[in-house]
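Undergrad: Contents of final21.cif (mmCIF, C-alpha atoms) are given next:
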```cif
data_work
#
loop_
_atom_site.label_atom_id
_atom_site.label_comp_id
_atom_site.auth_asym_id
_atom_site.auth_seq_id
_atom_site.Cartn_x
_atom_site.Cartn_y
_atom_site.Cartn_z
CA MET A 1357 -0.57 14.64 -10.84
CA THR A 1358 -1.20 11.48 -12.86
CA ALA A 1359 1.24 10.19 -15.43
CA SER A 1360 0.39 10.38 -19.11
CA PRO A 1361 -1.64 7.35 -20.15
CA SER A 1362 0.38 4.64 -21.87
CA ALA A 1363 -2.66 3.46 -23.84
CA PRO A 1364 -5.69 5.32 -25.21
CA GLN A 1365 -8.57 5.76 -22.78
CA SER A 1366 -11.83 4.01 -23.37
CA ALA A 1367 -14.50 6.23 -24.89
CA GLU A 1368 -16.40 6.10 -21.60
CA ALA A 1369 -13.36 7.31 -19.65
CA PHE A 1370 -12.70 10.04 -22.22
CA TRP A 1371 -16.19 11.51 -21.92
CA THR A 1372 -16.12 11.17 -18.13
CA ASP A 1373 -12.89 13.17 -18.02
CA ALA A 1374 -14.25 15.70 -20.51
CA GLU A 1375 -17.37 16.26 -18.45
CA ARG A 1376 -15.40 16.52 -15.23
CA HIS A 1377 -12.50 18.70 -16.36
CA LEU A 1378 -13.44 20.84 -19.39
CA VAL A 1379 -15.09 24.24 -19.29
CA ARG A 1380 -17.94 24.32 -21.80
CA TYR A 1381 -17.30 27.37 -23.94
CA GLY A 1382 -20.02 27.39 -26.60
CA GLY A 1383 -22.86 24.91 -26.46
CA GLU A 1384 -22.48 21.15 -26.52
CA PHE A 1385 -19.39 19.37 -27.81
CA THR A 1386 -19.67 17.28 -30.97
CA PRO A 1387 -20.23 13.72 -29.72
CA GLU A 1388 -17.19 12.24 -31.46
CA ILE A 1389 -13.60 11.68 -30.33
CA ILE A 1390 -11.45 13.01 -33.18
CA ASP A 1391 -8.28 11.01 -33.59
CA ARG A 1392 -6.68 12.59 -36.66
CA ALA A 1393 -7.41 14.71 -39.72
CA ALA A 1394 -6.15 14.68 -43.31
CA GLY A 1395 -7.24 16.60 -46.38
CA SER A 1396 -10.98 17.20 -46.36
CA PHE A 1397 -11.72 14.62 -43.66
CA VAL A 1398 -11.46 14.09 -39.93
CA PHE A 1399 -11.28 10.56 -38.50
CA THR A 1400 -12.80 9.45 -35.23
CA ALA A 1401 -11.26 7.16 -32.64
CA ASP A 1402 -13.74 4.44 -33.56
CA GLY A 1403 -12.78 4.56 -37.24
CA ARG A 1404 -15.45 6.81 -38.72
CA LYS A 1405 -14.49 9.10 -41.62
CA ILE A 1406 -16.26 12.49 -41.53
CA LEU A 1407 -16.19 14.99 -44.39
CA ASP A 1408 -15.27 18.39 -42.95
CA PHE A 1409 -17.44 21.05 -44.61
CA THR A 1410 -16.27 23.73 -42.17
CA SER A 1411 -12.48 23.49 -42.71
CA GLY A 1412 -12.03 23.10 -38.97
CA GLN A 1413 -13.18 26.42 -37.53
CA MET A 1414 -13.56 27.90 -41.05
CA SER A 1415 -9.77 28.07 -41.17
CA ALA A 1416 -8.03 25.10 -42.80
CA ILE A 1417 -8.28 26.39 -46.37
CA LEU A 1418 -5.57 23.96 -47.55
CA GLY A 1419 -7.24 21.02 -45.84
CA HIS A 1420 -5.87 19.20 -42.82
CA ALA A 1421 -2.21 18.13 -42.58
CA HIS A 1422 -1.23 19.70 -45.90
CA PRO A 1423 2.26 18.28 -46.53
CA GLU A 1424 3.86 21.67 -47.13
CA ILE A 1425 2.36 23.10 -43.95
CA VAL A 1426 3.55 20.03 -42.04
CA ALA A 1427 7.08 20.45 -43.43
CA THR A 1428 7.13 24.15 -42.54
CA VAL A 1429 6.02 23.48 -38.97
CA GLN A 1430 8.56 20.71 -38.52
CA ARG A 1431 11.36 22.86 -39.85
CA GLY A 1432 10.29 25.96 -37.95
CA VAL A 1433 9.76 24.34 -34.58
CA ALA A 1434 13.26 22.86 -34.85
CA THR A 1435 14.99 26.11 -35.84
CA LEU A 1436 13.01 29.27 -35.04
CA ASP A 1437 9.77 28.93 -33.10
CA HIS A 1438 9.30 31.89 -30.74
CA LEU A 1439 11.18 35.06 -29.84
CA PHE A 1440 11.10 38.01 -27.48
CA SER A 1441 8.31 40.17 -28.88
CA GLY A 1442 10.66 43.03 -29.79
CA MET A 1443 12.87 40.80 -31.96
CA LEU A 1444 12.34 40.36 -35.71
CA SER A 1445 12.95 37.43 -38.02
CA ARG A 1446 12.93 36.93 -41.78
CA PRO A 1447 9.60 35.03 -41.93
CA VAL A 1448 7.84 37.97 -40.26
CA VAL A 1449 9.23 40.63 -42.59
CA ASP A 1450 8.74 38.40 -45.64
CA LEU A 1451 5.08 37.80 -44.78
CA ALA A 1452 4.43 41.50 -44.17
CA ARG A 1453 5.98 42.40 -47.53
CA ARG A 1454 4.06 39.69 -49.39
CA LEU A 1455 0.73 40.66 -47.83
CA ALA A 1456 1.33 44.22 -48.98
CA GLU A 1457 2.08 42.94 -52.49
CA SER A 1458 -1.26 41.08 -52.52
CA LEU A 1459 -3.23 44.18 -51.52
CA PRO A 1460 -4.11 47.48 -53.20
CA ALA A 1461 -2.48 50.74 -52.09
CA PRO A 1462 -2.25 52.17 -49.55
CA LEU A 1463 -2.41 48.95 -47.46
CA GLU A 1464 1.25 48.19 -46.78
CA LYS A 1465 1.91 48.02 -43.02
CA THR A 1466 1.26 44.76 -41.14
CA LEU A 1467 1.04 43.69 -37.49
CA LEU A 1468 1.16 39.90 -37.05
CA LEU A 1469 -0.85 38.43 -34.16
CA THR A 1470 -2.65 35.18 -33.29
CA THR A 1471 -6.46 35.20 -33.47
CA GLY A 1472 -9.21 37.12 -35.23
CA ALA A 1473 -10.40 38.60 -31.97
CA GLU A 1474 -6.88 39.84 -31.25
CA SER A 1475 -6.52 41.41 -34.70
CA ASN A 1476 -9.86 43.19 -34.33
CA GLU A 1477 -8.87 44.29 -30.84
CA ALA A 1478 -5.68 45.83 -32.23
CA ALA A 1479 -7.50 47.45 -35.16
CA VAL A 1480 -10.10 49.07 -32.90
CA ARG A 1481 -7.38 50.20 -30.48
CA MET A 1482 -5.45 51.75 -33.37
CA ALA A 1483 -8.55 53.47 -34.75
CA LYS A 1484 -9.38 54.98 -31.37
CA LEU A 1485 -5.85 56.25 -30.91
CA VAL A 1486 -5.49 57.72 -34.40
CA THR A 1487 -8.88 59.43 -34.48
CA GLY A 1488 -8.88 60.46 -30.84
CA ARG A 1489 -12.42 59.09 -30.61
CA HIS A 1490 -14.00 55.96 -29.14
CA GLU A 1491 -17.33 55.08 -30.79
CA ILE A 1492 -17.52 51.94 -32.96
CA VAL A 1493 -20.28 50.94 -35.40
CA SER A 1494 -20.90 47.29 -36.44
CA PHE A 1495 -23.59 45.12 -37.98
CA ALA A 1496 -26.38 43.86 -35.74
CA ARG A 1497 -25.54 40.22 -36.58
CA SER A 1498 -21.76 40.60 -36.41
CA TRP A 1499 -19.12 38.33 -34.92
CA HIS A 1500 -15.70 39.89 -34.35
CA GLY A 1501 -14.39 37.91 -31.37
CA MET A 1502 -14.67 37.37 -27.64
CA THR A 1503 -12.11 39.83 -26.24
CA GLN A 1504 -13.32 43.15 -24.87
CA ALA A 1505 -13.41 45.51 -27.86
CA ALA A 1506 -14.16 42.70 -30.31
CA ALA A 1507 -16.94 41.32 -28.12
CA SER A 1508 -18.39 44.79 -27.68
CA ALA A 1509 -18.71 44.97 -31.49
CA THR A 1510 -20.23 41.47 -31.68
CA TYR A 1511 -24.02 41.33 -31.74
CA SER A 1512 -24.92 37.85 -32.99
CA ALA A 1513 -24.27 36.19 -29.61
CA GLY A 1514 -22.70 36.50 -26.18
CA ARG A 1515 -23.99 39.87 -24.99
CA LYS A 1516 -26.20 38.84 -22.08
CA GLY A 1517 -24.98 38.46 -18.52
CA TYR A 1518 -21.47 39.93 -18.76
CA GLY A 1519 -22.13 43.50 -17.69
CA PRO A 1520 -21.43 46.55 -19.83
CA GLY A 1521 -19.34 46.31 -22.95
CA ALA A 1522 -17.02 49.05 -24.13
CA PRO A 1523 -18.79 52.41 -24.14
CA GLY A 1524 -19.84 53.87 -27.47
CA ASN A 1525 -20.65 50.74 -29.46
CA PHE A 1526 -23.58 50.93 -31.88
CA ALA A 1527 -25.28 48.40 -34.16
CA ILE A 1528 -26.72 49.02 -37.62
CA PRO A 1529 -29.17 46.68 -39.39
CA VAL A 1530 -27.88 44.01 -41.76
CA PRO A 1531 -28.86 44.36 -45.43
CA ASN A 1532 -30.50 40.93 -45.76
CA ALA A 1533 -32.04 40.58 -49.22
CA TYR A 1534 -33.92 37.40 -48.21
CA ARG A 1535 -35.57 39.04 -45.20
CA PRO A 1536 -35.71 42.75 -46.11
CA ASP A 1537 -36.82 45.32 -43.54
CA PHE A 1538 -36.74 48.39 -45.82
CA THR A 1539 -38.31 47.61 -49.18
CA THR A 1540 -38.82 49.11 -52.62
CA PRO A 1541 -42.29 49.09 -54.22
CA ASP A 1542 -41.59 45.64 -55.69
CA GLY A 1543 -40.74 44.22 -52.24
CA SER A 1544 -36.97 43.93 -52.69
CA LEU A 1545 -34.45 45.28 -50.21
CA ASP A 1546 -34.00 49.06 -50.25
CA TRP A 1547 -30.52 49.02 -48.74
CA GLN A 1548 -29.79 52.69 -49.40
CA ARG A 1549 -32.81 53.80 -47.39
CA GLN A 1550 -31.91 51.29 -44.69
CA LEU A 1551 -28.34 52.62 -44.52
CA ASP A 1552 -29.49 56.24 -44.41
CA PHE A 1553 -31.90 55.42 -41.59
CA ALA A 1554 -29.17 53.52 -39.72
CA PHE A 1555 -26.79 56.47 -39.74
CA ASP A 1556 -29.54 58.89 -38.81
CA LEU A 1557 -29.89 56.80 -35.65
CA ILE A 1558 -26.11 56.62 -35.17
CA ASP A 1559 -25.85 60.39 -35.45
CA ALA A 1560 -28.67 60.82 -32.94
CA GLN A 1561 -26.92 58.56 -30.40
CA SER A 1562 -23.31 59.58 -30.98
CA THR A 1563 -21.61 61.98 -28.61
CA GLY A 1564 -19.55 63.25 -31.55
CA SER A 1565 -16.83 60.66 -31.05
CA LEU A 1566 -17.26 58.24 -33.98
CA ALA A 1567 -13.96 56.43 -34.54
CA ALA A 1568 -14.58 53.51 -36.87
CA CYS A 1569 -16.97 51.12 -38.54
CA LEU A 1570 -15.96 47.46 -38.10
CA VAL A 1571 -17.80 45.07 -40.44
CA GLU A 1572 -17.46 41.73 -42.27
CA PRO A 1573 -17.80 41.73 -46.10
CA ILE A 1574 -19.92 38.59 -45.70
CA LEU A 1575 -21.44 37.98 -42.28
CA SER A 1576 -20.73 34.35 -41.45
CA SER A 1577 -22.02 33.81 -37.92
CA GLY A 1578 -24.80 36.21 -38.92
CA GLY A 1579 -26.06 33.63 -41.43
CA ILE A 1580 -23.84 34.01 -44.56
CA ILE A 1581 -25.37 37.37 -45.44
CA GLU A 1582 -23.68 39.27 -48.24
CA PRO A 1583 -24.50 42.97 -48.54
CA PRO A 1584 -25.48 43.86 -52.13
CA PRO A 1585 -23.11 45.51 -54.64
CA GLY A 1586 -22.82 49.21 -53.94
CA TYR A 1587 -23.44 48.87 -50.21
CA PHE A 1588 -19.82 49.06 -49.07
CA ALA A 1589 -19.04 52.06 -51.28
CA ALA A 1590 -21.99 53.86 -49.68
CA LEU A 1591 -20.87 52.72 -46.22
CA ARG A 1592 -17.37 54.03 -46.89
CA ASP A 1593 -18.89 57.39 -47.85
CA LYS A 1594 -20.86 57.48 -44.58
CA CYS A 1595 -17.59 56.89 -42.75
CA ARG A 1596 -15.72 59.58 -44.70
CA GLU A 1597 -18.45 62.13 -43.98
CA ARG A 1598 -17.94 61.55 -40.25
CA GLY A 1599 -14.17 61.19 -40.15
CA MET A 1600 -14.43 57.48 -39.29
CA LEU A 1601 -12.08 54.70 -40.34
CA LEU A 1602 -13.49 51.70 -42.21
CA ILE A 1603 -12.22 48.39 -40.80
CA LEU A 1604 -13.01 45.24 -42.76
CA ASP A 1605 -12.82 41.91 -40.92
CA GLU A 1606 -11.88 39.26 -43.50
CA ALA A 1607 -11.20 36.45 -41.05
CA GLN A 1608 -13.23 34.00 -43.15
CA THR A 1609 -13.40 35.73 -46.53
CA GLY A 1610 -9.74 36.67 -47.03
CA LEU A 1611 -7.16 34.75 -49.05
CA CYS A 1612 -9.12 33.29 -51.96
CA ARG A 1613 -12.08 31.67 -50.21
CA THR A 1614 -14.67 33.79 -52.02
CA GLY A 1615 -12.98 33.43 -55.42
CA THR A 1616 -10.86 36.56 -55.17
CA TRP A 1617 -7.94 37.17 -52.87
CA TYR A 1618 -10.04 39.48 -50.73
CA ALA A 1619 -13.83 39.79 -50.66
CA PHE A 1620 -13.70 43.61 -50.75
CA GLU A 1621 -12.32 43.46 -54.30
CA ARG A 1622 -15.87 42.93 -55.61
CA ASP A 1623 -16.87 46.37 -54.37
CA GLY A 1624 -13.86 48.42 -55.44
CA VAL A 1625 -13.52 49.66 -51.87
CA VAL A 1626 -10.20 49.66 -50.01
CA PRO A 1627 -10.57 49.69 -46.21
CA ASP A 1628 -8.50 51.92 -43.96
CA VAL A 1629 -7.67 48.84 -41.89
CA LEU A 1630 -7.96 45.18 -42.88
CA THR A 1631 -7.96 42.32 -40.39
CA LEU A 1632 -7.08 38.75 -41.34
CA SER A 1633 -6.94 35.54 -39.32
CA LYS A 1634 -8.29 31.97 -39.74
CA THR A 1635 -7.39 31.48 -43.43
CA LEU A 1636 -3.99 33.18 -43.11
CA GLY A 1637 -2.66 30.42 -40.87
CA ALA A 1638 -4.64 27.65 -42.63
CA GLY A 1639 -5.68 26.36 -39.20
CA LEU A 1640 -2.73 27.56 -37.13
CA PRO A 1641 -3.04 30.64 -34.88
CA LEU A 1642 -1.97 33.50 -37.14
CA ALA A 1643 -3.71 36.84 -37.68
CA ALA A 1644 -2.83 40.21 -39.15
CA VAL A 1645 -3.79 43.86 -39.07
CA VAL A 1646 -2.93 45.67 -42.31
CA THR A 1647 -3.17 49.42 -42.73
CA SER A 1648 -1.63 52.39 -44.53
CA ALA A 1649 1.74 53.96 -43.81
CA GLU A 1650 -0.07 57.19 -42.92
CA ILE A 1651 -2.29 55.57 -40.29
CA GLU A 1652 0.61 53.50 -38.92
CA GLN A 1653 2.77 56.62 -38.61
CA GLU A 1654 0.05 58.52 -36.77
CA ALA A 1655 -0.49 55.58 -34.43
CA TYR A 1656 3.24 55.26 -33.78
CA GLU A 1657 3.60 58.95 -33.00
CA ARG A 1658 0.75 58.70 -30.53
CA GLY A 1659 2.40 55.76 -28.76
CA PHE A 1660 0.45 52.78 -30.16
CA LEU A 1661 0.95 49.82 -27.81
CA PHE A 1662 0.03 46.24 -28.65
CA PHE A 1663 2.95 44.30 -27.20
CA THR A 1664 1.74 40.73 -26.75
CA THR A 1665 3.43 37.40 -26.01
CA HIS A 1666 3.05 36.05 -29.53
CA VAL A 1667 3.21 39.18 -31.66
CA ALA A 1668 5.46 38.61 -34.71
CA ASP A 1669 6.18 34.96 -33.85
CA PRO A 1670 8.42 33.41 -36.54
CA LEU A 1671 6.97 29.89 -36.65
CA VAL A 1672 3.44 30.86 -37.62
CA ALA A 1673 4.76 33.62 -39.91
CA ALA A 1674 6.65 30.90 -41.78
CA VAL A 1675 3.36 29.00 -42.08
CA GLY A 1676 1.71 32.13 -43.46
CA ASN A 1677 4.38 32.35 -46.14
CA THR A 1678 3.77 28.73 -47.08
CA VAL A 1679 0.03 29.41 -47.29
CA LEU A 1680 0.72 32.23 -49.76
CA ASP A 1681 3.07 29.98 -51.74
CA VAL A 1682 0.37 27.33 -52.19
CA LEU A 1683 -2.42 29.82 -52.94
CA ILE A 1684 -0.36 31.47 -55.69
CA ARG A 1685 1.18 28.33 -57.18
CA ASP A 1686 -2.06 26.36 -57.31
CA GLY A 1687 -4.28 29.26 -58.39
CA LEU A 1688 -6.68 28.67 -55.52
CA ASP A 1689 -8.62 31.87 -56.16
CA GLU A 1690 -9.69 30.48 -59.53
CA ARG A 1691 -10.25 27.07 -57.97
CA ALA A 1692 -12.54 28.62 -55.35
CA ARG A 1693 -14.57 30.27 -58.12
CA THR A 1694 -14.86 27.02 -60.09
CA LEU A 1695 -15.64 24.81 -57.10
CA GLY A 1696 -17.93 27.48 -55.71
CA ALA A 1697 -20.01 27.37 -58.89
CA PHE A 1698 -20.10 23.56 -58.64
CA LEU A 1699 -21.23 23.75 -55.01
CA ARG A 1700 -23.85 26.38 -55.80
CA LYS A 1701 -25.36 24.28 -58.59
CA GLY A 1702 -25.58 21.30 -56.23
CA LEU A 1703 -27.29 23.44 -53.58
CA ASP A 1704 -29.71 24.83 -56.16
CA ASP A 1705 -30.60 21.27 -57.13
CA ILE A 1706 -31.25 20.44 -53.47
CA ALA A 1707 -33.45 23.53 -53.14
CA ALA A 1708 -35.49 22.41 -56.15
CA ARG A 1709 -36.20 19.07 -54.43
CA HIS A 1710 -36.93 20.29 -50.89
CA GLU A 1711 -39.50 22.93 -49.92
CA VAL A 1712 -37.74 23.49 -46.59
CA VAL A 1713 -34.83 25.21 -48.35
CA GLY A 1714 -35.67 28.89 -48.24
CA ASP A 1715 -32.54 30.58 -49.58
CA ILE A 1716 -29.04 29.85 -50.84
CA ARG A 1717 -26.36 32.52 -50.66
CA GLY A 1718 -22.66 33.19 -50.37
CA ARG A 1719 -19.71 33.49 -52.70
CA GLY A 1720 -17.03 31.05 -53.82
CA LEU A 1721 -16.45 28.33 -51.24
CA LEU A 1722 -18.34 30.15 -48.49
CA ALA A 1723 -22.00 29.19 -48.83
CA GLY A 1724 -25.12 29.34 -46.72
CA LEU A 1725 -28.39 27.42 -47.00
CA GLU A 1726 -31.31 28.75 -44.97
CA LEU A 1727 -33.89 26.21 -43.81
CA VAL A 1728 -37.48 27.26 -43.18
CA ALA A 1729 -40.59 25.47 -41.97
CA ASP A 1730 -42.63 27.27 -44.63
CA ARG A 1731 -41.10 28.66 -47.81
CA ALA A 1732 -43.99 31.03 -48.49
CA THR A 1733 -43.95 32.71 -45.07
CA LYS A 1734 -40.22 32.10 -44.38
CA GLN A 1735 -41.20 30.84 -40.94
CA SER A 1736 -38.13 29.53 -39.13
CA SER A 1737 -37.69 26.31 -37.16
CA ASN A 1738 -34.86 25.61 -34.75
CA ASP A 1739 -35.82 21.93 -34.65
CA LEU A 1740 -35.41 21.58 -38.41
CA GLY A 1741 -31.89 22.99 -38.46
CA ALA A 1742 -30.83 20.90 -35.47
CA HIS A 1743 -32.27 17.76 -37.04
CA VAL A 1744 -30.42 18.30 -40.35
CA THR A 1745 -27.15 18.97 -38.56
CA ARG A 1746 -27.42 15.82 -36.43
CA ARG A 1747 -28.40 13.70 -39.39
CA CYS A 1748 -25.49 15.02 -41.48
CA LEU A 1749 -23.07 13.98 -38.74
CA ASP A 1750 -24.68 10.54 -38.52
CA LEU A 1751 -24.15 10.13 -42.27
CA GLY A 1752 -20.53 11.35 -42.20
CA LEU A 1753 -20.69 15.11 -42.88
CA HIS A 1754 -19.76 17.82 -40.40
CA MET A 1755 -21.89 20.93 -40.85
CA ASN A 1756 -22.36 24.06 -38.77
CA ILE A 1757 -25.76 25.59 -38.09
CA VAL A 1758 -26.41 29.26 -37.27
CA GLN A 1759 -29.73 29.96 -35.58
CA LEU A 1760 -30.68 33.54 -34.81
CA ALA A 1761 -33.93 35.19 -33.84
CA GLY A 1762 -35.96 36.17 -36.88
CA MET A 1763 -33.98 33.84 -39.14
CA GLY A 1764 -34.27 30.18 -40.07
CA GLY A 1765 -31.45 27.78 -39.37
CA VAL A 1766 -28.60 28.61 -41.76
CA LEU A 1767 -26.16 25.85 -42.64
CA ARG A 1768 -22.67 27.30 -43.12
CA MET A 1769 -20.40 25.59 -45.64
CA ALA A 1770 -16.72 26.40 -46.01
CA PRO A 1771 -14.92 23.34 -47.39
CA PRO A 1772 -11.17 23.50 -48.02
CA LEU A 1773 -10.05 25.16 -51.25
CA THR A 1774 -8.20 21.91 -51.93
CA ALA A 1775 -11.40 19.83 -51.89
CA THR A 1776 -12.25 17.82 -54.99
CA GLU A 1777 -15.50 17.78 -56.94
CA ASP A 1778 -16.03 14.20 -55.74
CA GLU A 1779 -15.74 15.35 -52.12
CA LEU A 1780 -18.18 18.20 -52.72
CA SER A 1781 -20.55 15.76 -54.43
CA LEU A 1782 -20.34 13.47 -51.42
CA GLY A 1783 -21.18 16.34 -49.09
CA LEU A 1784 -24.09 17.44 -51.29
CA SER A 1785 -25.44 13.90 -51.41
CA ILE A 1786 -25.34 13.56 -47.62
CA LEU A 1787 -26.92 16.98 -47.16
CA ASP A 1788 -29.67 16.08 -49.63
CA GLU A 1789 -30.46 12.90 -47.71
CA ALA A 1790 -30.35 14.66 -44.33
CA ILE A 1791 -32.73 17.40 -45.46
CA GLY A 1792 -35.08 14.80 -46.90
CA ASP A 1793 -35.09 12.90 -43.62
CA ALA A 1794 -35.69 16.05 -41.60
CA ALA A 1795 -38.46 17.27 -43.89
CA ARG A 1796 -40.39 14.06 -43.24
CA THR A 1797 -40.19 14.61 -39.48
CA PRO A 1798 -42.65 17.06 -37.88
CA CYS A 1799 -40.77 20.07 -36.50
CA ARG A 1800 -41.76 22.77 -34.10
CA PRO A 1801 -41.35 26.36 -35.33
#
```
Now that the file is in, can you turn its structure into structure tokens?

TA:
Amino acid sequence: MTASPSAPQSAEAFWTDAERHLVRYGGEFTPEIIDRAAGSFVFTADGRKILDFTSGQMSAILGHAHPEIVATVQRGVATLDHLFSGMLSRPVVDLARRLAESLPAPLEKTLLLTTGAESNEAAVRMAKLVTGRHEIVSFARSWHGMTQAAASATYSAGRKGYGPGAPGNFAIPVPNAYRPDFTTPDGSLDWQRQLDFAFDLIDAQSTGSLAACLVEPILSSGGIIEPPPGYFAALRDKCRERGMLLILDEAQTGLCRTGTWYAFERDGVVPDVLTLSKTLGAGLPLAAVVTSAEIEQEAYERGFLFFTTHVADPLVAAVGNTVLDVLIRDGLDERARTLGAFLRKGLDDIAARHEVVGDIRGRGLLAGLELVADRATKQSSNDLGAHVTRRCLDLGLHMNIVQLAGMGGVLRMAPPLTATEDELSLGLSILDEAIGDAARTPCRP
């Protein structure tokens, strides 16, 4: 065992150690050594300042090192950090009560966990226990996590080479208005016919054991695809007809990012189970499962078990309370709407200047820009998306690219809700330049 280094490693030694000792868990690492982060920026070890348009892993909605989050962590780690999982503390009960107050009836019972995958795991486990069934339906471009049940309901990546997933998992097509599969006579998406067809297939494959439908209100890793108004009400009806629970995964859309506290508010649909993560902890590991008293009681009577090491931890619960304090006090739902409109106008302006921009979509401060090699045919190009992403980083903007079969490269943008218009303008300017550079470079489809 070597002692901790007394001085920072050279960059060469850092990358040598990284290559030798780190498991690669999702593609290549960003070729920068990040030294610190503050507000909307991360700072590299060699002094570069990079605008963070992904809020970390789509999580740091209050920006990095928010002073009130810092104060809460410092206070909590010194007084009440972690407990035996059967013990309760005031931050946990306070956060559960306040989440219930932010949600429509009958959502009032909360289980506090760590990650989005864990919250989806618990929600699926609860749905299976309460319904006495095991089949789960999700979108074909979904991302719900990398643990067993969550991964089995994830179709955008990670399915090959790991053996069978959980039995009884089914995928339904995504209602993508830009690339419609079922169309009306005018060529627009016929989502009702698509949904009817999807559940005809589900019914044909089901063994009669449909437990739940687990979906995201806006598919993020699926390419920032937002189902049209009316879709979720119709999906809820499909679930009701079959005795299924509707689980909405608002890991990225919950807590003001889309301009309302929860994305499902647009549709007037209340899920049976809601899962939260990412934004709830503003970058710290905090997640939640929220459901009705009726479902919680049924689960309890049937012996629901989800006893984990960090269930109901007080430190991160205290952070969650601080997140709610800031969101409410600073009106960040309204701010997300205002800044979202500002961001959308900037993206529209970029689209008007560059033929390689095929589509712009999203809501509030969760936006997607799809790049195509040919706007008329919507032909995709992996090279184009990769080039834009690399060039953005060179120019001081961190972006995330989603590339899926049958879809162009989609740039995901989720800046902090605390970002300024000047910071958004900077990001738009860099993106504009990067797209212009890429468009002048021949790309392979």

Undergrad: Could you write out as a ChimeraX atom specification the residues that the PyMOL selection byres ((chain A and resi 1705-1715) around 12) matches in the shown file?

TA: /A:1532-1535,1579-1581,1698-1704,1716-1718,1723-1737,1740-1741,1744,1763-1767,1781,1783-1799

Undergrad: Convert the current residue selection to file output with C-alpha atoms, as a short mmCIF file (atom, residue, chain, number, x, y, z; two decimals), in the frame of the given file.

TA:
```cif
data_model
loop_
_atom_site.label_atom_id
_atom_site.label_comp_id
_atom_site.auth_asym_id
_atom_site.auth_seq_id
_atom_site.Cartn_x
_atom_site.Cartn_y
_atom_site.Cartn_z
CA ASN A 1532 -30.50 40.93 -45.76
CA ALA A 1533 -32.04 40.58 -49.22
CA TYR A 1534 -33.92 37.40 -48.21
CA ARG A 1535 -35.57 39.04 -45.20
CA GLY A 1579 -26.06 33.63 -41.43
CA ILE A 1580 -23.84 34.01 -44.56
CA ILE A 1581 -25.37 37.37 -45.44
CA PHE A 1698 -20.10 23.56 -58.64
CA LEU A 1699 -21.23 23.75 -55.01
CA ARG A 1700 -23.85 26.38 -55.80
CA LYS A 1701 -25.36 24.28 -58.59
CA GLY A 1702 -25.58 21.30 -56.23
CA LEU A 1703 -27.29 23.44 -53.58
CA ASP A 1704 -29.71 24.83 -56.16
CA ILE A 1716 -29.04 29.85 -50.84
CA ARG A 1717 -26.36 32.52 -50.66
CA GLY A 1718 -22.66 33.19 -50.37
CA ALA A 1723 -22.00 29.19 -48.83
CA GLY A 1724 -25.12 29.34 -46.72
CA LEU A 1725 -28.39 27.42 -47.00
CA GLU A 1726 -31.31 28.75 -44.97
CA LEU A 1727 -33.89 26.21 -43.81
CA VAL A 1728 -37.48 27.26 -43.18
CA ALA A 1729 -40.59 25.47 -41.97
CA ASP A 1730 -42.63 27.27 -44.63
CA ARG A 1731 -41.10 28.66 -47.81
CA ALA A 1732 -43.99 31.03 -48.49
CA THR A 1733 -43.95 32.71 -45.07
CA LYS A 1734 -40.22 32.10 -44.38
CA GLN A 1735 -41.20 30.84 -40.94
CA SER A 1736 -38.13 29.53 -39.13
CA SER A 1737 -37.69 26.31 -37.16
CA LEU A 1740 -35.41 21.58 -38.41
CA GLY A 1741 -31.89 22.99 -38.46
CA VAL A 1744 -30.42 18.30 -40.35
CA MET A 1763 -33.98 33.84 -39.14
CA GLY A 1764 -34.27 30.18 -40.07
CA GLY A 1765 -31.45 27.78 -39.37
CA VAL A 1766 -28.60 28.61 -41.76
CA LEU A 1767 -26.16 25.85 -42.64
CA SER A 1781 -20.55 15.76 -54.43
CA GLY A 1783 -21.18 16.34 -49.09
CA LEU A 1784 -24.09 17.44 -51.29
CA SER A 1785 -25.44 13.90 -51.41
CA ILE A 1786 -25.34 13.56 -47.62
CA LEU A 1787 -26.92 16.98 -47.16
CA ASP A 1788 -29.67 16.08 -49.63
CA GLU A 1789 -30.46 12.90 -47.71
CA ALA A 1790 -30.35 14.66 -44.33
CA ILE A 1791 -32.73 17.40 -45.46
CA GLY A 1792 -35.08 14.80 -46.90
CA ASP A 1793 -35.09 12.90 -43.62
CA ALA A 1794 -35.69 16.05 -41.60
CA ALA A 1795 -38.46 17.27 -43.89
CA ARG A 1796 -40.39 14.06 -43.24
CA THR A 1797 -40.19 14.61 -39.48
CA PRO A 1798 -42.65 17.06 -37.88
CA CYS A 1799 -40.77 20.07 -36.50
#
```

Undergrad: Using the chain letters and numbers from this file, what does the PyMOL selection byres ((chain A and resi 1488) around 12) select? Give the answer as JSON, numbers by chain.

TA: {"A": [1480, 1481, 1482, 1483, 1484, 1485, 1486, 1487, 1489, 1490, 1491, 1564, 1565, 1566, 1567, 1568, 1599, 1600, 1601, 1654, 1655, 1658]}

Undergrad: Near Thr1664 in chain A, counting all atoms listed in the file, which residues have an atom at most 9 Å away, once you skip same-chain residues fewer than 3 positions from it, shown as a PyMOL selection string?

TA: chain A and resi 1441+1469+1667

Undergrad: Starting from the PyMOL selection byres ((chain A and resi 1561) around 12), expand the selection into actual residues of this file and give them as a PyMOL selection string.

TA: chain A and resi 1491-1493+1523-1528+1554-1560+1562-1566

Undergrad: Please, which residues are within 12 Å of (9.0, 38.5, -45.3) by the file's coordinates, counting only C-alpha atoms, and could they come as a list of chain:residue names?

TA: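 Residues lying no farther than 12 Å from the given point: A:Leu1444, A:Ser1445, A:Arg1446, A:Pro1447, A:Val1448, A:Val1449, A:Asp1450, A:Leu1451, A:Ala1452, A:Arg1453, A:Arg1454, A:Leu1455, A:Ala1456, A:Glu1457, A:Thr1466, A:Leu1468, A:Ala1668, A:Pro1670, A:Ala1673, A:Ala1674, A:Val1675, A:Gly1676, A:Asn1677, A:Thr1678, A:Leu1680.
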